[in-house]
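Novice: Hey, dropping protein_17.txt in here, compact mmCIF, C-alpha atoms and all ligand atoms:
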```txt
# COMPACT_ATOMS: atom_id res chain seq x y z
CA MET G 1058 61.16 92.60 54.60
CA LYS G 1059 59.71 95.64 56.31
CA LYS G 1060 56.60 95.40 58.44
CA LEU G 1061 53.60 96.84 56.60
CA PHE G 1062 50.42 98.27 58.04
CA ILE G 1063 47.32 98.07 55.85
CA ILE G 1064 44.49 99.91 57.53
CA ALA G 1065 40.83 100.11 56.52
CA ASN G 1066 39.15 103.27 57.76
CA TRP G 1067 35.43 102.72 57.20
CA LYS G 1068 34.53 106.17 58.55
CA SER G 1069 30.78 106.55 59.08
CA TYR G 1070 29.84 103.86 56.57
CA LYS G 1071 28.20 100.42 56.77
CA LYS G 1072 25.38 98.85 58.73
CA GLU G 1073 25.43 95.50 60.51
CA LYS G 1074 24.36 93.46 57.48
CA GLU G 1075 26.92 95.16 55.24
CA VAL G 1076 29.66 94.54 57.78
CA GLN G 1077 28.74 90.85 57.80
CA GLU G 1078 28.76 90.70 54.00
CA TRP G 1079 32.13 92.45 53.85
CA LEU G 1080 33.66 89.96 56.29
CA GLU G 1081 32.23 86.92 54.52
CA THR G 1082 33.39 88.09 51.10
CA PHE G 1083 36.81 89.01 52.42
CA ILE G 1084 37.27 85.56 53.93
CA LYS G 1085 35.97 83.82 50.83
CA ILE G 1086 38.43 85.62 48.56
CA GLY G 1087 41.13 84.15 50.75
CA MET G 1088 43.64 86.35 52.41
CA THR G 1089 47.01 86.25 50.83
CA SER G 1090 48.57 88.37 53.51
CA SER G 1091 51.93 87.34 54.74
CA ILE G 1092 52.67 87.58 58.43
CA ALA G 1093 54.62 90.76 57.75
CA LYS G 1094 51.41 92.64 56.89
CA GLU G 1095 49.44 93.99 59.81
CA LEU G 1096 45.79 94.24 58.75
CA ILE G 1097 43.67 96.62 60.76
CA ILE G 1098 39.98 97.43 60.36
CA CYS G 1099 38.62 100.61 61.90
CA PRO G 1100 34.82 100.34 61.86
CA SER G 1101 32.17 102.44 63.59
CA PHE G 1102 31.85 101.63 67.31
CA PRO G 1103 28.67 99.50 67.10
CA PHE G 1104 30.43 96.88 64.98
CA LEU G 1105 33.51 96.25 67.11
CA ILE G 1106 31.93 93.30 68.95
CA GLN G 1107 30.53 91.80 65.76
CA ILE G 1108 33.86 91.93 63.98
CA LYS G 1109 35.85 90.79 67.00
CA THR G 1110 33.59 87.75 67.40
CA TYR G 1111 33.83 86.93 63.69
CA ILE G 1112 37.60 87.17 63.44
CA GLN G 1113 38.03 85.06 66.58
CA GLN G 1114 35.67 82.37 65.29
CA LYS G 1115 37.36 82.25 61.90
CA ASN G 1116 40.81 82.74 63.36
CA VAL G 1117 41.66 85.52 60.90
CA PRO G 1118 44.76 87.64 61.51
CA ILE G 1119 42.98 91.01 61.54
CA TYR G 1120 43.36 93.62 64.26
CA LEU G 1121 40.76 96.17 65.21
CA GLY G 1122 41.20 99.89 65.54
CA ALA G 1123 38.83 102.55 66.84
CA GLN G 1124 38.24 105.68 64.80
CA ASP G 1125 38.17 107.83 67.91
CA ILE G 1126 38.62 107.77 71.69
CA SER G 1127 37.37 109.99 74.46
CA PRO G 1128 39.91 112.52 75.76
CA PHE G 1129 38.56 111.71 79.25
CA VAL G 1130 38.41 108.74 81.57
CA GLU G 1131 34.96 107.31 82.33
CA GLY G 1132 32.45 109.82 83.59
CA ALA G 1133 29.62 112.14 82.66
CA TYR G 1134 30.68 112.77 79.05
CA THR G 1135 27.62 112.04 76.93
CA GLY G 1136 28.42 110.48 73.59
CA GLU G 1137 32.03 109.62 74.38
CA VAL G 1138 33.59 106.15 74.32
CA ASN G 1139 36.56 105.92 76.66
CA GLY G 1140 39.76 103.92 76.57
CA GLU G 1141 38.72 101.41 79.25
CA GLN G 1142 35.62 100.63 77.21
CA LEU G 1143 37.63 100.17 74.03
CA THR G 1144 40.59 98.26 75.29
CA GLU G 1145 39.04 94.78 75.15
CA TYR G 1146 38.17 95.26 71.48
CA VAL G 1147 40.86 97.34 69.84
CA THR G 1148 44.62 97.31 69.56
CA TYR G 1149 44.85 100.67 67.78
CA VAL G 1150 43.07 103.99 67.60
CA LEU G 1151 43.16 106.73 64.96
CA VAL G 1152 43.90 110.11 66.49
CA GLY G 1153 43.97 113.44 64.66
CA HIS G 1154 42.32 112.38 61.42
CA SER G 1155 41.75 115.48 59.29
CA GLU G 1156 37.99 114.92 59.37
CA ARG G 1157 38.09 115.07 63.20
CA ARG G 1158 40.17 118.24 63.01
CA LEU G 1159 37.89 119.83 60.41
CA TYR G 1160 34.36 118.87 61.45
CA PHE G 1161 34.85 118.41 65.19
CA HIS G 1162 37.44 121.13 65.70
CA GLU G 1163 39.89 118.88 67.48
CA ASP G 1164 43.05 120.79 68.28
CA ASP G 1165 46.50 119.74 69.47
CA ALA G 1166 45.48 119.91 73.14
CA ILE G 1167 42.49 117.57 72.67
CA LEU G 1168 44.54 115.23 70.48
CA GLN G 1169 47.23 115.08 73.13
CA GLN G 1170 44.60 114.11 75.71
CA LYS G 1171 43.37 111.34 73.41
CA VAL G 1172 46.88 110.01 73.04
CA ILE G 1173 47.30 110.01 76.82
CA GLN G 1174 44.01 108.15 77.28
CA ALA G 1175 44.86 105.56 74.62
CA ARG G 1176 48.26 104.90 76.12
CA SER G 1177 46.94 104.66 79.65
CA VAL G 1178 45.01 101.53 78.63
CA GLY G 1179 47.57 100.10 76.22
CA ILE G 1180 45.93 101.11 72.94
CA GLU G 1181 48.45 102.19 70.28
CA PRO G 1182 47.62 105.57 68.74
CA ILE G 1183 47.99 105.97 64.99
CA TYR G 1184 48.53 109.70 64.81
CA CYS G 1185 47.31 111.39 61.62
CA VAL G 1186 48.84 114.56 60.25
CA ARG G 1187 48.00 116.56 57.12
CA GLY G 1188 51.59 117.55 56.48
CA GLU G 1189 54.74 118.82 58.07
CA ASP G 1190 52.96 121.67 59.84
CA ASP G 1191 50.91 119.41 62.10
CA ALA G 1192 52.89 118.65 65.24
CA VAL G 1193 53.23 115.07 66.43
CA PRO G 1194 53.15 114.46 70.21
CA LYS G 1195 56.19 112.93 71.86
CA ASP G 1196 56.98 109.24 71.41
CA ILE G 1197 54.39 108.41 68.77
CA ALA G 1198 55.45 105.19 67.08
CA ILE G 1199 52.99 105.22 64.18
CA VAL G 1200 52.18 108.35 62.20
CA ALA G 1201 49.87 108.50 59.16
CA TYR G 1202 50.60 111.24 56.68
CA GLU G 1203 47.36 112.15 54.92
CA PRO G 1204 47.41 115.37 52.89
CA PHE G 1205 44.00 117.01 53.01
CA SER G 1206 43.81 117.46 49.24
CA ALA G 1207 44.22 113.70 48.73
CA ILE G 1208 41.50 112.45 51.08
CA GLY G 1209 38.47 111.18 49.21
CA THR G 1210 39.37 113.11 46.07
CA GLY G 1211 40.90 110.44 43.86
CA ILE G 1212 44.00 112.62 43.64
CA PRO G 1213 46.75 111.05 45.77
CA ASP G 1214 50.02 112.71 46.66
CA THR G 1215 52.96 111.60 44.56
CA PRO G 1216 54.81 108.64 46.10
CA GLU G 1217 58.05 110.65 45.99
CA ASN G 1218 56.61 113.58 47.92
CA ALA G 1219 54.90 111.26 50.41
CA ASN G 1220 58.25 109.55 50.93
CA THR G 1221 60.00 112.88 51.56
CA ILE G 1222 57.40 113.89 54.14
CA ALA G 1223 57.60 110.44 55.76
CA ARG G 1224 61.37 110.76 56.01
CA LYS G 1225 61.09 114.22 57.58
CA ILE G 1226 58.52 112.98 60.11
CA LYS G 1227 60.82 110.13 61.09
CA GLU G 1228 63.76 112.49 61.46
CA LYS G 1229 61.86 115.12 63.41
CA TYR G 1230 59.76 112.94 65.71
CA ASN G 1231 61.70 109.73 65.80
CA SER G 1232 58.57 107.79 64.77
CA ARG G 1233 59.18 104.18 63.89
CA TYR G 1234 56.54 103.85 61.18
CA VAL G 1235 55.00 106.38 58.81
CA LEU G 1236 51.98 105.41 56.72
CA TYR G 1237 50.51 107.18 53.73
CA GLY G 1238 46.78 107.82 53.30
CA GLY G 1239 44.68 109.64 50.70
CA SER G 1240 43.08 108.07 47.61
CA VAL G 1241 45.01 104.82 47.94
CA THR G 1242 43.73 102.08 45.60
CA SER G 1243 44.96 98.71 44.39
CA ALA G 1244 46.32 100.51 41.34
CA ASN G 1245 48.61 102.87 43.24
CA VAL G 1246 49.30 101.10 46.56
CA HIS G 1247 52.57 99.58 45.46
CA SER G 1248 54.00 102.90 44.30
CA PHE G 1249 53.68 104.11 47.91
CA ILE G 1250 54.75 100.93 49.63
CA GLU G 1251 57.92 100.66 47.56
CA GLN G 1252 59.13 103.99 48.95
CA PRO G 1253 61.78 103.40 51.60
CA HIS G 1254 60.17 105.55 54.31
CA ILE G 1255 56.55 104.48 53.85
CA ASP G 1256 55.51 101.59 56.08
CA GLY G 1257 51.91 101.12 55.13
CA VAL G 1258 48.69 102.71 53.97
CA LEU G 1259 45.54 104.08 55.54
CA VAL G 1260 42.69 103.40 53.14
CA GLY G 1261 39.26 105.04 53.22
CA SER G 1262 36.91 104.66 50.22
CA ALA G 1263 38.74 101.74 48.63
CA SER G 1264 38.53 99.70 51.85
CA LEU G 1265 34.73 99.65 51.76
CA ASP G 1266 34.78 97.02 49.02
CA PRO G 1267 36.26 93.74 50.29
CA ARG G 1268 37.46 92.73 46.83
CA GLU G 1269 39.32 95.98 46.29
CA PHE G 1270 40.73 95.87 49.82
CA SER G 1271 41.98 92.32 49.24
CA LYS G 1272 43.72 93.52 46.09
CA ILE G 1273 45.33 96.35 48.00
CA ILE G 1274 46.72 93.82 50.47
CA GLU G 1275 47.92 91.60 47.66
CA TYR G 1276 49.54 94.35 45.60
CA ALA G 1277 51.10 96.11 48.58
P1 LIG G 1301 40.44 107.92 51.17
O1 LIG G 1301 40.47 108.28 52.73
O2 LIG G 1301 41.20 106.65 50.98
O3 LIG G 1301 38.97 107.77 50.84
O4 LIG G 1301 41.05 109.06 50.44
C1 LIG G 1301 41.63 108.08 53.48
C2 LIG G 1301 41.39 108.49 54.91
O5 LIG G 1301 40.66 109.46 55.15
O6 LIG G 1301 41.90 107.86 55.86
```
Would you mind writing the file out in structure tokens?
Ligand code: PGA
Specialist:
Amino acid sequence: MKKLFIIANWKSYKKEKEVQEWLETFIKIGMTSSIAKELIICPSFPFLIQIKTYIQQKNVPIYLGAQDISPFVEGAYTGEVNGEQLTEYVTYVLVGHSERRLYFHEDDAILQQKVIQARSVGIEPIYCVRGEDDAVPKDIAIVAYEPFSAIGTGIPDTPENANTIARKIKEKYNSRYVLYGGSVTSANVHSFIEQPHIDGVLVGSASLDPREFSKIIEYA
């Protein structure tokens, strides 16, 4: 059985009370995840402590990921959260998400710096690309293929095409895992997961609802 990554990317959604409600509902539903599924929640920074405390208290097998990381070490960089600050909370970090590239103009050089910072403190980067044209830095173990046209549109890529791109990424960059992201729901998750080169999903909108996210885990 292959290892599967199921990642919730909450983007800039949810306030403290909603985070609490999500966690309580998610636990109540009962997680059917097998040990082979790696569940990762990527919330906004203010909620990392809250979620970490909750999952420790309840002993739930969920990992945390950051949605971003400073390209610098600690210092006078207003607004940035650096790797040393993140490392006690998160195991993973998203780097190169298309929304970071589009709205914050992050280019390959900045993304490379973020990867270096993550690695220097032992955080595993999950490197997002929009397609074959986005380069992947050296030695990235986990890549997420998220075609721009599929993000938040309700129009996912076809599982067959996603599988072809995943295979090419593995061949070209020697990445161990390639995930698919873009309009993943409980209705289509299995069609992606059953592809031989797809090792998980990165879920935006559908992860905001704990019931739907639980179904995604179950049907994956
Ligand atoms: P979506 O977002 O599931 O809402 O399409 C995916 C992502 O941006 O990671």
Novice: When you draw a straight line from CA of Lys1227 in chain G to CA of Thr1148 in chain G, how long is it in Å?
Specialist: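 Calculated distance between CA of Lys1227 in chain G and CA of Thr1148 in chain G is 22.3 Å.
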Novice: What gap, in Å, lies between CA of Tyr1146 in chain G and CA of Asp1266 in chain G?
Specialist: 22.8 Å
Novice: Hey, which of G:Val1200, G:Ile1173, G:Leu1121, G:Ala1244 ends up closest to Leu1259 in chain G? Count all atoms listed in the file.
Specialist: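 Counting all atoms listed in the file, the residue closest to Leu1259 in chain G is G:Val1200.
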Novice: Residues near range 1069-1079 of chain G, anyone? I mean within 7 Å using all atoms listed in the file, not counting same-chain ones fewer than 5 positions away, as a list in words.
Specialist: Ser1101, Phe1104 and Pro1267 of chain G
Novice: List all protein, DNA and RNA residues that have any atom at most 6 Å from ligand LIG 1301 (chain G), counting only C-alpha atoms and all ligand atoms, and write the list as a PyMOL selection string.
Specialist: chain G and resi 1066+1207-1209+1238-1241+1259-1263
Novice: Using C-alpha atoms, can you export the residues from the last selection as a PDB file, keeping the file's coordinate frame?
Specialist:
```
ATOM      1  CA  ASN G1066      39.150 103.270  57.760  1.00  0.00           C
ATOM      2  CA  ALA G1207      44.220 113.700  48.730  1.00  0.00           C
ATOM      3  CA  ILE G1208      41.500 112.450  51.080  1.00  0.00           C
ATOM      4  CA  GLY G1209      38.470 111.180  49.210  1.00  0.00           C
ATOM      5  CA  GLY G1238      46.780 107.820  53.300  1.00  0.00           C
ATOM      6  CA  GLY G1239      44.680 109.640  50.700  1.00  0.00           C
ATOM      7  CA  SER G1240      43.080 108.070  47.610  1.00  0.00           C
ATOM      8  CA  VAL G1241      45.010 104.820  47.940  1.00  0.00           C
ATOM      9  CA  LEU G1259      45.540 104.080  55.540  1.00  0.00           C
ATOM     10  CA  VAL G1260      42.690 103.400  53.140  1.00  0.00           C
ATOM     11  CA  GLY G1261      39.260 105.040  53.220  1.00  0.00           C
ATOM     12  CA  SER G1262      36.910 104.660  50.220  1.00  0.00           C
ATOM     13  CA  ALA G1263      38.740 101.740  48.630  1.00  0.00           C
TER      14      ALA G1263
END
```
Novice: Please indicate the distance in Å from CA of Phe1062 in chain G to CA of Asp1256 in chain G, rounded to one decimal place.
Specialist: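 Result for CA of Phe1062 in chain G versus CA of Asp1256 in chain G: 6.4 Å, one decimal.
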Novice: For a quick check of understanding, using only C-alpha atoms, which of G:Ser1243, G:Asn1116, G:Asn1220, G:Gln1124 has the smallest distance to Glu1156 in chain G?
Specialist: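 That would be G:Gln1124, the residue with the smallest distance to Glu1156 in chain G.
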Novice: Neighbouring residues of Gly1188 in chain G were defined as those with any atom within 10 Å, considering only C-alpha atoms; residues of the same chain fewer than 6 positions away were excluded. Please report them as a PDB file with C-alpha atoms, in the frame of the given file.
Specialist:
```pdb
ATOM      1  CA  ALA G1201      49.870 108.500  59.160  1.00  0.00           C
ATOM      2  CA  TYR G1202      50.600 111.240  56.680  1.00  0.00           C
ATOM      3  CA  GLU G1203      47.360 112.150  54.920  1.00  0.00           C
ATOM      4  CA  PRO G1204      47.410 115.370  52.890  1.00  0.00           C
ATOM      5  CA  PHE G1205      44.000 117.010  53.010  1.00  0.00           C
ATOM      6  CA  ALA G1219      54.900 111.260  50.410  1.00  0.00           C
ATOM      7  CA  ILE G1222      57.400 113.890  54.140  1.00  0.00           C
ATOM      8  CA  ALA G1223      57.600 110.440  55.760  1.00  0.00           C
ATOM      9  CA  ILE G1226      58.520 112.980  60.110  1.00  0.00           C
TER      10      ILE G1226
END
```
Novice: Would you mind telling me which residue in G:Thr1210, G:Gln1174, G:Gln1169, G:Asn1231 lies nearest to Ser1127 in chain G when using only C-alpha atoms?
Specialist: G:Gln1174
Novice: Using all atoms listed in the file, determine which residues lie at most 6 Å from Val1150 in chain G, disregarding the query and same-chain residues fewer than 2 positions distant; provide the list as a ChimeraX atom specification.
Specialist: /G:1122-1124,1182-1183
Novice: Out of G:Ile1126, G:Asn1245, G:Tyr1120, G:Ile1108, which residue has the shortest atom-to-atom distance to Gly1211 in chain G when counting all atoms listed in the file?
Specialist: G:Asn1245
Novice: In terms of the shortest atom-to-atom distance over all atoms listed in the file, which of G:Gly1140, G:Arg1233, G:Glu1095, G:Glu1131 is closest to Ile1119 in chain G?
Specialist: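 For Ile1119 in chain G, the nearest of the given residues is G:Glu1095.
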